[in-house]
Each structure stands twice: as structure tokens, then as C-alpha cells.
file work39.pdb (PDB, C-alpha atoms and all ligand atoms)
ATOM      1  CA  MET A 285      -0.513 -17.341 -17.606
ATOM      2  CA  LYS A 286      -2.434 -14.700 -15.655
ATOM      3  CA  GLY A 287       0.840 -12.991 -14.667
ATOM      4  CA  TRP A 288       1.803 -12.838 -18.308
ATOM      5  CA  LEU A 289      -1.480 -11.129 -19.347
ATOM      6  CA  ILE A 290      -1.206  -8.688 -16.435
ATOM      7  CA  SER A 291       2.435  -7.796 -17.325
ATOM      8  CA  ASN A 292       1.361  -7.067 -20.899
ATOM      9  CA  ALA A 293      -1.500  -4.832 -19.757
ATOM     10  CA  LEU A 294       0.723  -3.005 -17.244
ATOM     11  CA  PHE A 295       3.437  -2.459 -19.827
ATOM     12  CA  ILE A 296       0.976  -0.943 -22.321
ATOM     13  CA  LEU A 297      -0.552   1.304 -19.639
ATOM     14  CA  LEU A 298       2.949   2.467 -18.655
ATOM     15  CA  VAL A 299       3.800   3.406 -22.265
ATOM     16  CA  ILE A 300       0.496   5.303 -22.630
ATOM     17  CA  PHE A 301       0.982   7.074 -19.291
ATOM     18  CA  TRP A 302       4.612   7.940 -20.035
ATOM     19  CA  SER A 303       3.804   9.210 -23.519
ATOM     20  CA  PHE A 304       0.856  11.422 -22.653
ATOM     21  CA  TRP A 305       0.893  12.446 -19.005
ATOM     22  CA  HIS A 306       4.384  12.996 -17.764
ATOM     23  CA  ARG A 307       5.307  15.467 -20.502
ATOM     24  CA  GLU A 308       4.420  19.118 -20.683
ATOM     25  CA  TYR A 309       1.946  20.359 -23.249
ATOM     26  CA  SER A 310       3.022  19.792 -26.824
ATOM     27  CA  SER A 311       1.397  20.858 -30.074
ATOM     28  CA  PRO A 312      -1.533  18.877 -31.549
ATOM     29  CA  ALA A 313       0.750  17.553 -34.324
ATOM     30  CA  ILE A 314       3.110  16.054 -31.727
ATOM     31  CA  VAL A 315       0.185  14.490 -29.834
ATOM     32  CA  VAL A 316      -1.041  12.889 -33.080
ATOM     33  CA  GLY A 317       2.518  11.705 -33.813
ATOM     34  CA  LYS A 318       2.762  10.137 -30.369
ATOM     35  CA  THR A 319      -0.640   8.459 -30.725
ATOM     36  CA  PHE A 320       0.522   6.739 -33.930
ATOM     37  CA  ALA A 321       3.679   5.577 -32.093
ATOM     38  CA  VAL A 322       1.756   4.228 -29.077
ATOM     39  CA  ILE A 323      -0.611   2.201 -31.313
ATOM     40  CA  ALA A 324       2.434   0.840 -33.188
ATOM     41  CA  VAL A 325       4.113  -0.132 -29.892
ATOM     42  CA  ILE A 326       0.995  -2.110 -28.861
ATOM     43  CA  LEU A 327       1.091  -3.943 -32.222
ATOM     44  CA  PHE A 328       4.843  -4.692 -31.852
ATOM     45  CA  ILE A 329       4.209  -6.077 -28.365
ATOM     46  CA  ILE A 330       1.506  -8.414 -29.751
ATOM     47  CA  ASN A 331       4.095  -9.815 -32.192
ATOM     48  CA  VAL A 332       6.821 -10.126 -29.544
ATOM     49  CA  ASN A 333       4.355 -12.145 -27.434
ATOM     50  CA  MET A 334       4.514 -14.931 -30.035
ATOM     51  CA  TYR A 335       7.812 -15.893 -28.414
ATOM     52  CA  PHE A 336       6.110 -16.505 -25.059
ATOM     53  CA  ILE A 337       3.216 -18.375 -26.666
ATOM     54  CA  PHE A 338       5.639 -20.727 -28.475
ATOM     55  CA  LEU A 339       7.666 -21.065 -25.262
ATOM     56  CA  ILE A 340       4.640 -22.162 -23.197
ATOM     57  CA  ILE A 341       3.642 -24.620 -25.942
ATOM     58  CA  ARG A 342       7.139 -26.147 -25.795
ATOM     59  CA  LYS A 343       7.426 -26.217 -21.993
ATOM     60  CA  SER A 344       3.888 -27.048 -20.877
ATOM     61  CA  LYS A 345       3.179 -30.579 -19.704
ATOM     62  CA  THR A 346      -0.601 -30.189 -19.803
ATOM     63  CA  LYS A 347      -2.014 -31.484 -23.077
ATOM     64  CA  GLY A 348      -5.056 -29.180 -22.949
ATOM     65  CA  ILE A 349      -2.951 -26.013 -22.651
ATOM     66  CA  LYS A 350      -0.617 -27.175 -25.422
ATOM     67  CA  LYS A 351      -3.532 -27.827 -27.776
ATOM     68  CA  THR A 352      -5.413 -24.598 -27.021
ATOM     69  CA  LEU A 353      -2.277 -22.460 -27.412
ATOM     70  CA  ALA A 354      -1.213 -24.272 -30.579
ATOM     71  CA  LEU A 355      -4.587 -23.439 -32.161
ATOM     72  CA  PHE A 356      -4.410 -19.870 -30.827
ATOM     73  CA  SER A 357      -0.867 -19.369 -32.161
ATOM     74  CA  ARG A 358      -1.905 -20.612 -35.583
ATOM     75  CA  LYS A 359      -4.671 -17.980 -35.662
ATOM     76  CA  MET A 360      -2.317 -15.272 -34.375
ATOM     77  CA  MET A 361       0.358 -16.078 -36.974
ATOM     78  CA  LYS A 362      -2.164 -15.300 -39.732
ATOM     79  CA  PHE A 363      -1.979 -11.699 -38.523
ATOM     80  CA  HIS A 364       1.764 -11.618 -37.737
ATOM     81  CA  VAL A 365       2.924 -10.035 -41.002
ATOM     82  CA  PRO A 366      -0.079  -7.646 -41.420
ATOM     83  CA  ILE A 367       0.488  -6.490 -37.809
ATOM     84  CA  ALA A 368       4.199  -5.902 -38.517
ATOM     85  CA  ILE A 369       3.454  -3.958 -41.705
ATOM     86  CA  THR A 370       0.709  -1.808 -40.109
ATOM     87  CA  ALA A 371       2.945  -0.984 -37.131
ATOM     88  CA  THR A 372       5.861  -0.094 -39.420
ATOM     89  CA  ALA A 373       3.626   2.220 -41.475
ATOM     90  CA  LEU A 374       2.459   3.961 -38.265
ATOM     91  CA  ILE A 375       6.084   4.377 -37.120
ATOM     92  CA  CYS A 376       7.024   5.915 -40.482
ATOM     93  CA  ILE A 377       4.210   8.469 -40.021
ATOM     94  CA  HIS A 378       5.425   9.063 -36.432
ATOM     95  CA  ALA A 379       8.973   9.659 -37.709
ATOM     96  CA  ILE A 380       7.828  12.031 -40.478
ATOM     97  CA  ILE A 381       5.702  14.052 -38.013
ATOM     98  CA  MET A 382       8.500  14.237 -35.412
ATOM     99  CA  ILE A 383      11.136  15.230 -37.957
ATOM    100  CA  SER A 384       8.836  17.878 -39.493
ATOM    101  CA  PHE A 385       7.204  19.366 -36.397
ATOM    102  CA  HIS A 386       9.193  18.583 -33.258
ATOM    103  CA  PRO A 387      11.114  21.620 -31.967
ATOM    104  CA  LEU A 388      14.113  19.442 -30.986
ATOM    105  CA  GLU A 389      17.186  19.479 -33.248
ATOM    106  CA  ILE A 390      17.673  16.312 -35.331
ATOM    107  CA  ILE A 391      20.900  15.607 -33.378
ATOM    108  CA  ASP A 392      18.925  15.395 -30.104
ATOM    109  CA  ILE A 393      19.188  12.043 -28.259
ATOM    110  CA  LYS A 394      15.406  11.471 -28.572
ATOM    111  CA  LYS A 395      15.477  11.736 -32.351
ATOM    112  CA  LEU A 396      18.777   9.868 -32.745
ATOM    113  CA  SER A 397      17.518   6.947 -30.621
ATOM    114  CA  GLY A 398      14.323   6.886 -32.728
ATOM    115  CA  ILE A 399      16.307   6.769 -35.958
ATOM    116  CA  LEU A 400      18.455   3.966 -34.526
ATOM    117  CA  ALA A 401      15.278   2.045 -33.537
ATOM    118  CA  ILE A 402      13.801   2.402 -37.028
ATOM    119  CA  LEU A 403      17.077   1.198 -38.627
ATOM    120  CA  ILE A 404      17.057  -1.872 -36.365
ATOM    121  CA  LEU A 405      13.384  -2.399 -37.270
ATOM    122  CA  SER A 406      14.314  -2.629 -40.958
ATOM    123  CA  VAL A 407      16.922  -5.354 -40.205
ATOM    124  CA  HIS A 408      14.298  -7.105 -38.060
ATOM    125  CA  LEU A 409      11.710  -7.066 -40.873
ATOM    126  CA  PHE A 410      14.356  -8.493 -43.205
ATOM    127  CA  SER A 411      15.047 -11.285 -40.667
ATOM    128  CA  GLY A 412      11.300 -12.054 -40.549
ATOM    129  CA  TRP A 413      11.211 -12.268 -44.337
ATOM    130  CA  LEU A 414      14.220 -14.649 -44.341
ATOM    131  CA  ARG A 415      12.563 -16.705 -41.589
ATOM    132  CA  ARG A 416       9.406 -17.128 -43.618
ATOM    133  CA  LYS A 417      11.208 -18.011 -46.854
ATOM    134  CA  LYS A 418      13.143 -20.867 -45.272
ATOM    135  CA  ALA A 419      13.212 -21.755 -41.566
ATOM    136  CA  SER A 420      16.775 -22.860 -40.766
ATOM    137  CA  GLY A 421      18.184 -22.864 -37.230
ATOM    138  CA  PHE A 422      20.205 -19.741 -37.949
ATOM    139  CA  ARG A 423      17.237 -17.866 -39.412
ATOM    140  CA  ARG A 424      15.026 -18.808 -36.447
ATOM    141  CA  LEU A 425      17.576 -17.496 -33.991
ATOM    142  CA  PHE A 426      18.282 -14.393 -36.083
ATOM    143  CA  HIS A 427      14.602 -13.337 -36.146
ATOM    144  CA  LEU A 428      14.199 -14.111 -32.441
ATOM    145  CA  ARG A 429      17.368 -12.226 -31.399
ATOM    146  CA  MET A 430      16.440  -9.260 -33.622
ATOM    147  CA  ALA A 431      12.972  -9.129 -32.016
ATOM    148  CA  PHE A 432      14.514  -8.612 -28.579
ATOM    149  CA  ILE A 433      17.256  -6.248 -29.807
ATOM    150  CA  PHE A 434      14.543  -4.153 -31.478
ATOM    151  CA  LEU A 435      12.424  -4.249 -28.292
ATOM    152  CA  THR A 436      15.418  -2.996 -26.254
ATOM    153  CA  PHE A 437      16.153  -0.130 -28.620
ATOM    154  CA  PHE A 438      12.606   1.152 -28.926
ATOM    155  CA  LEU A 439      12.248   1.008 -25.134
ATOM    156  CA  ILE A 440      15.420   3.126 -24.806
ATOM    157  CA  HIS A 441      13.915   5.609 -27.294
ATOM    158  CA  ILE A 442      10.606   5.807 -25.408
ATOM    159  CA  PHE A 443      11.977   6.154 -21.888
ATOM    160  CA  ILE A 444      15.086   8.241 -22.587
TER     161      ILE A 444
HETATM  162  C1  LIG B 501      10.646   1.992 -34.024
HETATM  163  C2  LIG B 501      10.688   3.231 -33.983
HETATM  164  C3  LIG B 501       9.991   4.146 -32.992
HETATM  165  C4  LIG B 501       9.116   3.875 -31.945
HETATM  166  C5  LIG B 501       8.574   2.514 -31.470
HETATM  167  C6  LIG B 501       8.768   5.151 -31.358
HETATM  168  C7  LIG B 501       7.902   5.331 -30.287
HETATM  169  C8  LIG B 501       7.716   6.521 -29.613
HETATM  170  C9  LIG B 501       6.823   6.715 -28.485
HETATM  171  C10 LIG B 501       5.909   5.628 -27.874
HETATM  172  C11 LIG B 501       6.937   8.008 -28.083
HETATM  173  C12 LIG B 501       6.201   8.689 -26.921
HETATM  174  C13 LIG B 501       7.068   8.652 -25.668
HETATM  175  C14 LIG B 501       7.566   9.978 -25.209
HETATM  176  O1  LIG B 501       6.915  11.003 -25.413
HETATM  177  O2  LIG B 501       8.659   9.998 -24.639
HETATM  178  C15 LIG B 501       7.902   8.655 -28.943
HETATM  179  C16 LIG B 501       8.309   9.962 -28.838
HETATM  180  C17 LIG B 501       9.122  10.611 -29.740
HETATM  181  N1  LIG B 501       9.656  10.078 -30.906
HETATM  182 FE1  LIG B 501       9.556   8.124 -31.454
HETATM  183  N2  LIG B 501       9.418   6.165 -32.045
HETATM  184  C18 LIG B 501      10.167   5.583 -33.057
HETATM  185  C19 LIG B 501      10.943   6.226 -33.999
HETATM  186  C20 LIG B 501      11.165   7.598 -34.032
HETATM  187  C21 LIG B 501      11.899   8.292 -35.074
HETATM  188  C22 LIG B 501      12.507   7.646 -36.335
HETATM  189  C23 LIG B 501      11.913   9.609 -34.733
HETATM  190  C24 LIG B 501      12.506  10.691 -35.595
HETATM  191  C25 LIG B 501      13.301  11.490 -35.403
HETATM  192  C26 LIG B 501      11.217   9.754 -33.454
HETATM  193  C27 LIG B 501      11.066  10.939 -32.721
HETATM  194  C28 LIG B 501      10.404  11.072 -31.533
HETATM  195  C29 LIG B 501      10.363  12.284 -30.727
HETATM  196  C30 LIG B 501      11.051  13.604 -31.060
HETATM  197  C31 LIG B 501       9.566  12.006 -29.599
HETATM  198  C32 LIG B 501       9.240  12.955 -28.424
HETATM  199  C33 LIG B 501       7.899  13.576 -28.525
HETATM  200  C34 LIG B 501       7.624  14.419 -27.278
HETATM  201  O3  LIG B 501       7.154  13.896 -26.286
HETATM  202  O4  LIG B 501       7.902  15.604 -27.306
HETATM  203  N3  LIG B 501      10.760   8.514 -33.068
HETATM  204  N4  LIG B 501       8.359   7.721 -29.884
HETATM  205  C1  LIG B 502       7.880  -5.939 -35.754
HETATM  206  C2  LIG B 502       7.697  -6.956 -36.281
HETATM  207  C3  LIG B 502       7.913  -8.371 -35.781
HETATM  208  C4  LIG B 502       8.113  -8.860 -34.513
HETATM  209  C5  LIG B 502       8.199  -8.071 -33.208
HETATM  210  C6  LIG B 502       8.250 -10.299 -34.637
HETATM  211  C7  LIG B 502       8.472 -11.179 -33.591
HETATM  212  C8  LIG B 502       8.455 -12.554 -33.682
HETATM  213  C9  LIG B 502       8.660 -13.474 -32.593
HETATM  214  C10 LIG B 502       8.997 -13.061 -31.154
HETATM  215  C11 LIG B 502       8.510 -14.740 -33.080
HETATM  216  C12 LIG B 502       8.649 -16.036 -32.297
HETATM  217  C13 LIG B 502      10.030 -16.579 -32.530
HETATM  218  C14 LIG B 502      10.343 -17.885 -31.891
HETATM  219  O1  LIG B 502       9.824 -18.213 -30.825
HETATM  220  O2  LIG B 502      11.178 -18.582 -32.479
HETATM  221  C15 LIG B 502       8.245 -14.635 -34.498
HETATM  222  C16 LIG B 502       8.045 -15.709 -35.352
HETATM  223  C17 LIG B 502       7.939 -15.601 -36.720
HETATM  224  N1  LIG B 502       7.959 -14.424 -37.468
HETATM  225 FE1  LIG B 502       8.081 -12.552 -36.706
HETATM  226  N2  LIG B 502       8.147 -10.650 -35.977
HETATM  227  C18 LIG B 502       7.939  -9.494 -36.703
HETATM  228  C19 LIG B 502       7.799  -9.381 -38.070
HETATM  229  C20 LIG B 502       7.806 -10.445 -38.955
HETATM  230  C21 LIG B 502       7.734 -10.338 -40.394
HETATM  231  C22 LIG B 502       7.653  -9.022 -41.168
HETATM  232  C23 LIG B 502       7.735 -11.610 -40.893
HETATM  233  C24 LIG B 502       7.687 -12.133 -42.313
HETATM  234  C25 LIG B 502       7.709 -11.503 -43.387
HETATM  235  C26 LIG B 502       7.810 -12.521 -39.775
HETATM  236  C27 LIG B 502       7.839 -13.912 -39.864
HETATM  237  C28 LIG B 502       7.844 -14.780 -38.804
HETATM  238  C29 LIG B 502       7.750 -16.231 -38.929
HETATM  239  C30 LIG B 502       7.614 -17.028 -40.229
HETATM  240  C31 LIG B 502       7.808 -16.747 -37.622
HETATM  241  C32 LIG B 502       7.748 -18.210 -37.216
HETATM  242  C33 LIG B 502       6.387 -18.652 -36.885
HETATM  243  C34 LIG B 502       6.314 -20.118 -36.547
HETATM  244  O3  LIG B 502       7.275 -20.693 -35.985
HETATM  245  O4  LIG B 502       5.266 -20.711 -36.845
HETATM  246  N3  LIG B 502       7.864 -11.770 -38.608
HETATM  247  N4  LIG B 502       8.217 -13.280 -34.841
END

call {"tool": "encode", "arguments": {"input": "work39.pdb", "output": "C-alpha cells", "more": "lines below"}}
Ligand code: HEM
Ligand code: HEM
result
Amino acid sequence: MKGWLISNALFILLVIFWSFWHREYSSPAIVVGKTFAVIAVILFIINVNMYFIFLIIRKSKTKGIKKTLALFSRKMMKFHVPIAITATALICIHAIIMISFHPLEIIDIKKLSGILAILILSVHLFSGWLRRKKASGFRRLFHLRMAFIFLTFFLIHIFI
């Protein structure tokens, strides 16, 4: 449990560090664009964590932990869709800023990987919508798989 919280914190610090400190100076517009993206990444990670919360609920043998996490997950799921929508809006602003102001050509690997990530995000949002409408085994797995495919692709975009 502690390890899980620490990994989350370390991951977020790594993204912030990578985004703002290892690069050379860029224009204020780019810094704003990156800030939007970093906030969105933190929100996406909160949603991805639902998988681990549900996993611990399923696997745990301690009744107390099961009950506490079940209550916590119910509260968190109230914010699941608003979090997804806010993060997507921030990523759209990030994309518009990068396409308008970044000196790289649109065919650059950084921009192409970003466009790929945003396309996968739209399929992922669709899978979430399907999942909420009717929860069949296929839809559950589809939303879960898409969550991790999306995670992989946005990580490639960030660290490439
Ligand atoms: C789900 C989609 C996306 C996520 C989560 C995301 C996230 C991020 C993050 C956290 C950074 C800062 C890391 C770094 O500087 O290397 C970044 C940089 C960047 N993103 Fe995205 N992004 C996404 C989509 C896009 C799209 C659609 C474009 C549009 C072309 C784009 C273009 C860029 C560019 C050019 C940079 C480099 C900025 C620089 O450091 O000079 N991104 N992105
Ligand atoms: C970026 C956005 C999103 C991410 C990263 C994400 C991720 C996840 C993850 C990892 C789970 C747990 C899956 C499991 O253990 O089976 C989940 C559950 C779920 N998601 Fe998403 N999701 C996102 C957006 C959405 C959207 C937009 C919707 C609906 C419109 C949605 C609806 C649901 C529903 C209904 C569940 C099941 C909750 C339950 O079992 O009580 N998700 N999501």
C-alpha cells in the first residue's frame, strides 16, 4: 500500500522533472503548454489508479481494508468521468499550443507521438462510455486494456 503511494508520487515527480528541468529554455507559450500537459497527466494517473484500487479490493483478505477501499473507490468513481473530461480538455489546449507555437515541424517524432496518443485517448474515452452504458465482460476488458495502451503511448510521447 505504502509502496504504491510512493511509486505514484515518484512517477509524478519524474514527469514534472523531465518536462521542466532537463530541457533547454523554451518560450513562455511552450512552458504554459507543458504545464497543461503535466496537470492532465496527473489526472490521467489518478484514473488509471482505479485499476489498482479494484485489484486490492478483489485480492485482499483483510475485511477492514476491503471495506475502506470499497468506500473510497465509490467516492473516487464519482469523479472518474469529470477527471477524464478535464484532463482531455487540458490535452486539447496542450496540442493546440504545441501545434501553433512549437518550432518543431509537424512531422517530428514528438508531435507525431502526441497525435497518436490523442487518437488512442479518443478510443479510450469511447470505451469508457461503452463500459458505463452496459458493463459486459468484453466492455470491461476493452476499457481496461485501452487504459494501459493509452498509458504506454503517452509515456512514449513524454520520454521520447
Ligand atoms: C494524450 C496526449 C498527450 C499527452 C499526455 C502529452 C503530454 C506531454 C508532456 C507531459 C510533455 C512534456 C514533456 C517533454 O517536454 O518532453 C509534452 C511535450 C510536448 N508535447 Fe505533448 N502530450 C500529448 C499530446 C500532444 C499532441 C497532440 C501534440 C501535438 C502535436 C503534442 C506536442 C508536444 C510537443 C511538441 C512537446 C515538446 C515540448 C518541448 O519540450 O519542447 N503533445 N507532452
Ligand atoms: C483518461 C481517462 C480514463 C482512464 C485512464 C480510465 C481508467 C479506468 C480504469 C483503470 C478503470 C478500472 C478498470 C477495472 O479494474 O476493470 C476504470 C473503470 C471504469 N471507467 Fe474509466 N477511465 C477513463 C475514462 C472513463 C470515461 C470517460 C468513462 C465514462 C464515460 C469511464 C467509465 C468507467 C467505468 C463505468 C468504470 C467501472 C467502474 C466500476 O467498476 O465501478 N472511464 N477506468

call {"tool": "residues_around", "arguments": {"input": "work39.pdb", "residues": "Thr319 of chain A", "least_positions_apart": "2", "cutoff": "9 Å", "atoms": "only C-alpha atoms", "output": "count of residues only"}}
result
12

call {"tool": "closest_atom_pairs", "arguments": {"input": "work39.pdb", "of": "chain A", "to": "ligand LIG 501 (chain B)", "cutoff": "6 Å", "atoms": "only C-alpha atoms and all ligand atoms", "output": "CSV"}}
result
residue,atom,partner,partner_atom,distance
A:Ser303,CA,B:LIG501,C13,3.9
A:Lys318,CA,B:LIG501,C12,5.1
A:Ala321,CA,B:LIG501,C7,4.6
A:Val322,CA,B:LIG501,C10,4.5
A:Val325,CA,B:LIG501,C5,5.4
A:Ile375,CA,B:LIG501,C2,5.7
A:Ala379,CA,B:LIG501,C21,4.2
A:Met382,CA,B:LIG501,C27,5.0
A:Ile383,CA,B:LIG501,C25,5.0
A:His386,CA,B:LIG501,C30,5.8
A:Lys394,CA,B:LIG501,C30,5.5
A:Lys395,CA,B:LIG501,C25,3.8
A:Gly398,CA,B:LIG501,C20,3.5
A:Ile399,CA,B:LIG501,C22,3.9
A:Ala401,CA,B:LIG501,C1,4.7
A:Ile402,CA,B:LIG501,C1,4.4
A:Phe438,CA,B:LIG501,C5,5.0
A:Ile442,CA,B:LIG501,C13,4.5
A:Phe443,CA,B:LIG501,O2,5.8

call {"tool": "residues_near_ligand", "arguments": {"input": "work39.pdb", "ligand": "ligand LIG 502 (chain B)", "cutoff": "8 Å", "atoms": "only C-alpha atoms and all ligand atoms", "output": "mmCIF file with C-alpha atoms, keeping the file's coordinate frame"}}
result
data_model
loop_
_atom_site.group_PDB
_atom_site.id
_atom_site.type_symbol
_atom_site.label_atom_id
_atom_site.label_comp_id
_atom_site.auth_asym_id
_atom_site.auth_seq_id
_atom_site.Cartn_x
_atom_site.Cartn_y
_atom_site.Cartn_z
ATOM 1 C CA LEU A 327 1.091 -3.943 -32.222
ATOM 2 C CA PHE A 328 4.843 -4.692 -31.852
ATOM 3 C CA ILE A 329 4.209 -6.077 -28.365
ATOM 4 C CA ILE A 330 1.506 -8.414 -29.751
ATOM 5 C CA ASN A 331 4.095 -9.815 -32.192
ATOM 6 C CA VAL A 332 6.821 -10.126 -29.544
ATOM 7 C CA ASN A 333 4.355 -12.145 -27.434
ATOM 8 C CA MET A 334 4.514 -14.931 -30.035
ATOM 9 C CA TYR A 335 7.812 -15.893 -28.414
ATOM 10 C CA PHE A 336 6.110 -16.505 -25.059
ATOM 11 C CA ILE A 337 3.216 -18.375 -26.666
ATOM 12 C CA PHE A 338 5.639 -20.727 -28.475
ATOM 13 C CA LEU A 339 7.666 -21.065 -25.262
ATOM 14 C CA SER A 357 -0.867 -19.369 -32.161
ATOM 15 C CA ARG A 358 -1.905 -20.612 -35.583
ATOM 16 C CA MET A 361 0.358 -16.078 -36.974
ATOM 17 C CA HIS A 364 1.764 -11.618 -37.737
ATOM 18 C CA VAL A 365 2.924 -10.035 -41.002
ATOM 19 C CA PRO A 366 -0.079 -7.646 -41.420
ATOM 20 C CA ILE A 367 0.488 -6.490 -37.809
ATOM 21 C CA ALA A 368 4.199 -5.902 -38.517
ATOM 22 C CA ILE A 369 3.454 -3.958 -41.705
ATOM 23 C CA ALA A 371 2.945 -0.984 -37.131
ATOM 24 C CA THR A 372 5.861 -0.094 -39.420
ATOM 25 C CA LEU A 405 13.384 -2.399 -37.270
ATOM 26 C CA HIS A 408 14.298 -7.105 -38.060
ATOM 27 C CA LEU A 409 11.710 -7.066 -40.873
ATOM 28 C CA PHE A 410 14.356 -8.493 -43.205
ATOM 29 C CA SER A 411 15.047 -11.285 -40.667
ATOM 30 C CA GLY A 412 11.300 -12.054 -40.549
ATOM 31 C CA TRP A 413 11.211 -12.268 -44.337
ATOM 32 C CA LEU A 414 14.220 -14.649 -44.341
ATOM 33 C CA ARG A 415 12.563 -16.705 -41.589
ATOM 34 C CA ARG A 416 9.406 -17.128 -43.618
ATOM 35 C CA LYS A 417 11.208 -18.011 -46.854
ATOM 36 C CA ALA A 419 13.212 -21.755 -41.566
ATOM 37 C CA ARG A 424 15.026 -18.808 -36.447
ATOM 38 C CA LEU A 425 17.576 -17.496 -33.991
ATOM 39 C CA HIS A 427 14.602 -13.337 -36.146
ATOM 40 C CA LEU A 428 14.199 -14.111 -32.441
ATOM 41 C CA ALA A 431 12.972 -9.129 -32.016
ATOM 42 C CA PHE A 432 14.514 -8.612 -28.579
ATOM 43 C CA PHE A 434 14.543 -4.153 -31.478
ATOM 44 C CA LEU A 435 12.424 -4.249 -28.292
#

call {"tool": "atom_distance", "arguments": {"input": "work39.pdb", "atom1": "atom CA of Ala293 of chain A", "atom2": "atom CA of Phe437 of chain A"}}
result
20.3 Å

call {"tool": "atom_distance", "arguments": {"input": "work39.pdb", "atom1": "atom CA of Lys418 of chain A", "atom2": "atom CA of Thr352 of chain A"}}
result
26.3 Å

call {"tool": "closest_residue", "arguments": {"input": "work39.pdb", "among": "A:Ile341, A:Ile444, A:Lys362, A:Leu439", "to": "Val299 of chain A", "atoms": "all atoms listed in the file"}}
result
A:Leu439

call {"tool": "atom_distance", "arguments": {"input": "work39.pdb", "atom1": "atom CA of Leu396 of chain A", "atom2": "atom CA of Asn292 of chain A"}}
result
27.0 Å

call {"tool": "axis_aligned_box", "arguments": {"input": "work39.pdb", "around": "segment 396-405 of chain A", "padding_each_side": "6 Å", "output": "lines of an AutoDock Vina configuration file"}}
result
center_x = 16.1
center_y = 3.7
center_z = -34.6
size_x = 17.4
size_y = 24.3
size_z = 20.0

call {"tool": "build_atoms", "arguments": {"input": "work39.pdb", "residues": "segment 385-392 of chain A", "atoms": "all heavy atoms", "output": "compact mmCIF listing (two decimals), in the coordinates of the input"}}
result
# COMPACT_ATOMS: atom_id res chain seq x y z
N PHE A 385 7.83 18.40 -37.32
CA PHE A 385 7.20 19.37 -36.40
C PHE A 385 7.83 19.48 -35.02
O PHE A 385 7.51 20.39 -34.27
CB PHE A 385 5.71 19.03 -36.22
CG PHE A 385 4.94 19.12 -37.50
CD1 PHE A 385 4.49 17.96 -38.13
CD2 PHE A 385 4.66 20.36 -38.08
CE1 PHE A 385 3.78 18.05 -39.33
CE2 PHE A 385 3.95 20.44 -39.27
CZ PHE A 385 3.51 19.28 -39.90
N HIS A 386 8.68 18.49 -34.64
CA HIS A 386 9.19 18.58 -33.26
C HIS A 386 10.27 19.65 -33.13
O HIS A 386 11.18 19.71 -33.95
CB HIS A 386 9.73 17.23 -32.78
CG HIS A 386 9.70 17.11 -31.29
ND1 HIS A 386 10.61 17.78 -30.49
CD2 HIS A 386 8.86 16.47 -30.46
CE1 HIS A 386 10.32 17.52 -29.23
NE2 HIS A 386 9.25 16.74 -29.18
N PRO A 387 10.15 20.53 -32.10
CA PRO A 387 11.11 21.62 -31.97
C PRO A 387 12.55 21.17 -31.69
O PRO A 387 13.48 21.95 -31.88
CB PRO A 387 10.57 22.44 -30.79
CG PRO A 387 9.56 21.59 -30.12
CD PRO A 387 9.06 20.61 -31.12
N LEU A 388 12.74 19.89 -31.26
CA LEU A 388 14.11 19.44 -30.99
C LEU A 388 14.94 19.42 -32.26
O LEU A 388 14.41 19.21 -33.34
CB LEU A 388 14.08 18.02 -30.41
CG LEU A 388 13.55 17.82 -29.00
CD1 LEU A 388 13.41 16.33 -28.72
CD2 LEU A 388 14.48 18.47 -27.98
N GLU A 389 16.27 19.63 -32.11
CA GLU A 389 17.19 19.48 -33.25
C GLU A 389 17.24 18.00 -33.64
O GLU A 389 17.03 17.12 -32.79
CB GLU A 389 18.60 19.91 -32.84
CG GLU A 389 18.76 21.39 -32.55
CD GLU A 389 18.66 22.23 -33.80
OE1 GLU A 389 19.11 21.75 -34.86
OE2 GLU A 389 18.13 23.36 -33.72
N ILE A 390 17.60 17.71 -34.88
CA ILE A 390 17.67 16.31 -35.33
C ILE A 390 18.77 15.55 -34.59
O ILE A 390 18.71 14.34 -34.42
CB ILE A 390 17.86 16.23 -36.88
CG1 ILE A 390 17.56 14.82 -37.39
CG2 ILE A 390 19.23 16.65 -37.32
CD1 ILE A 390 16.13 14.55 -37.66
N ILE A 391 19.81 16.29 -34.08
CA ILE A 391 20.90 15.61 -33.38
C ILE A 391 20.56 15.33 -31.91
O ILE A 391 21.36 14.81 -31.17
CB ILE A 391 22.23 16.39 -33.45
CG1 ILE A 391 21.93 17.86 -33.23
CG2 ILE A 391 22.99 16.15 -34.73
CD1 ILE A 391 23.11 18.69 -32.87
N ASP A 392 19.33 15.67 -31.48
CA ASP A 392 18.92 15.40 -30.10
C ASP A 392 18.85 13.88 -29.86
O ASP A 392 18.51 13.12 -30.76
CB ASP A 392 17.56 16.03 -29.84
CG ASP A 392 17.12 15.79 -28.41
OD1 ASP A 392 17.51 16.61 -27.56
OD2 ASP A 392 16.43 14.79 -28.15
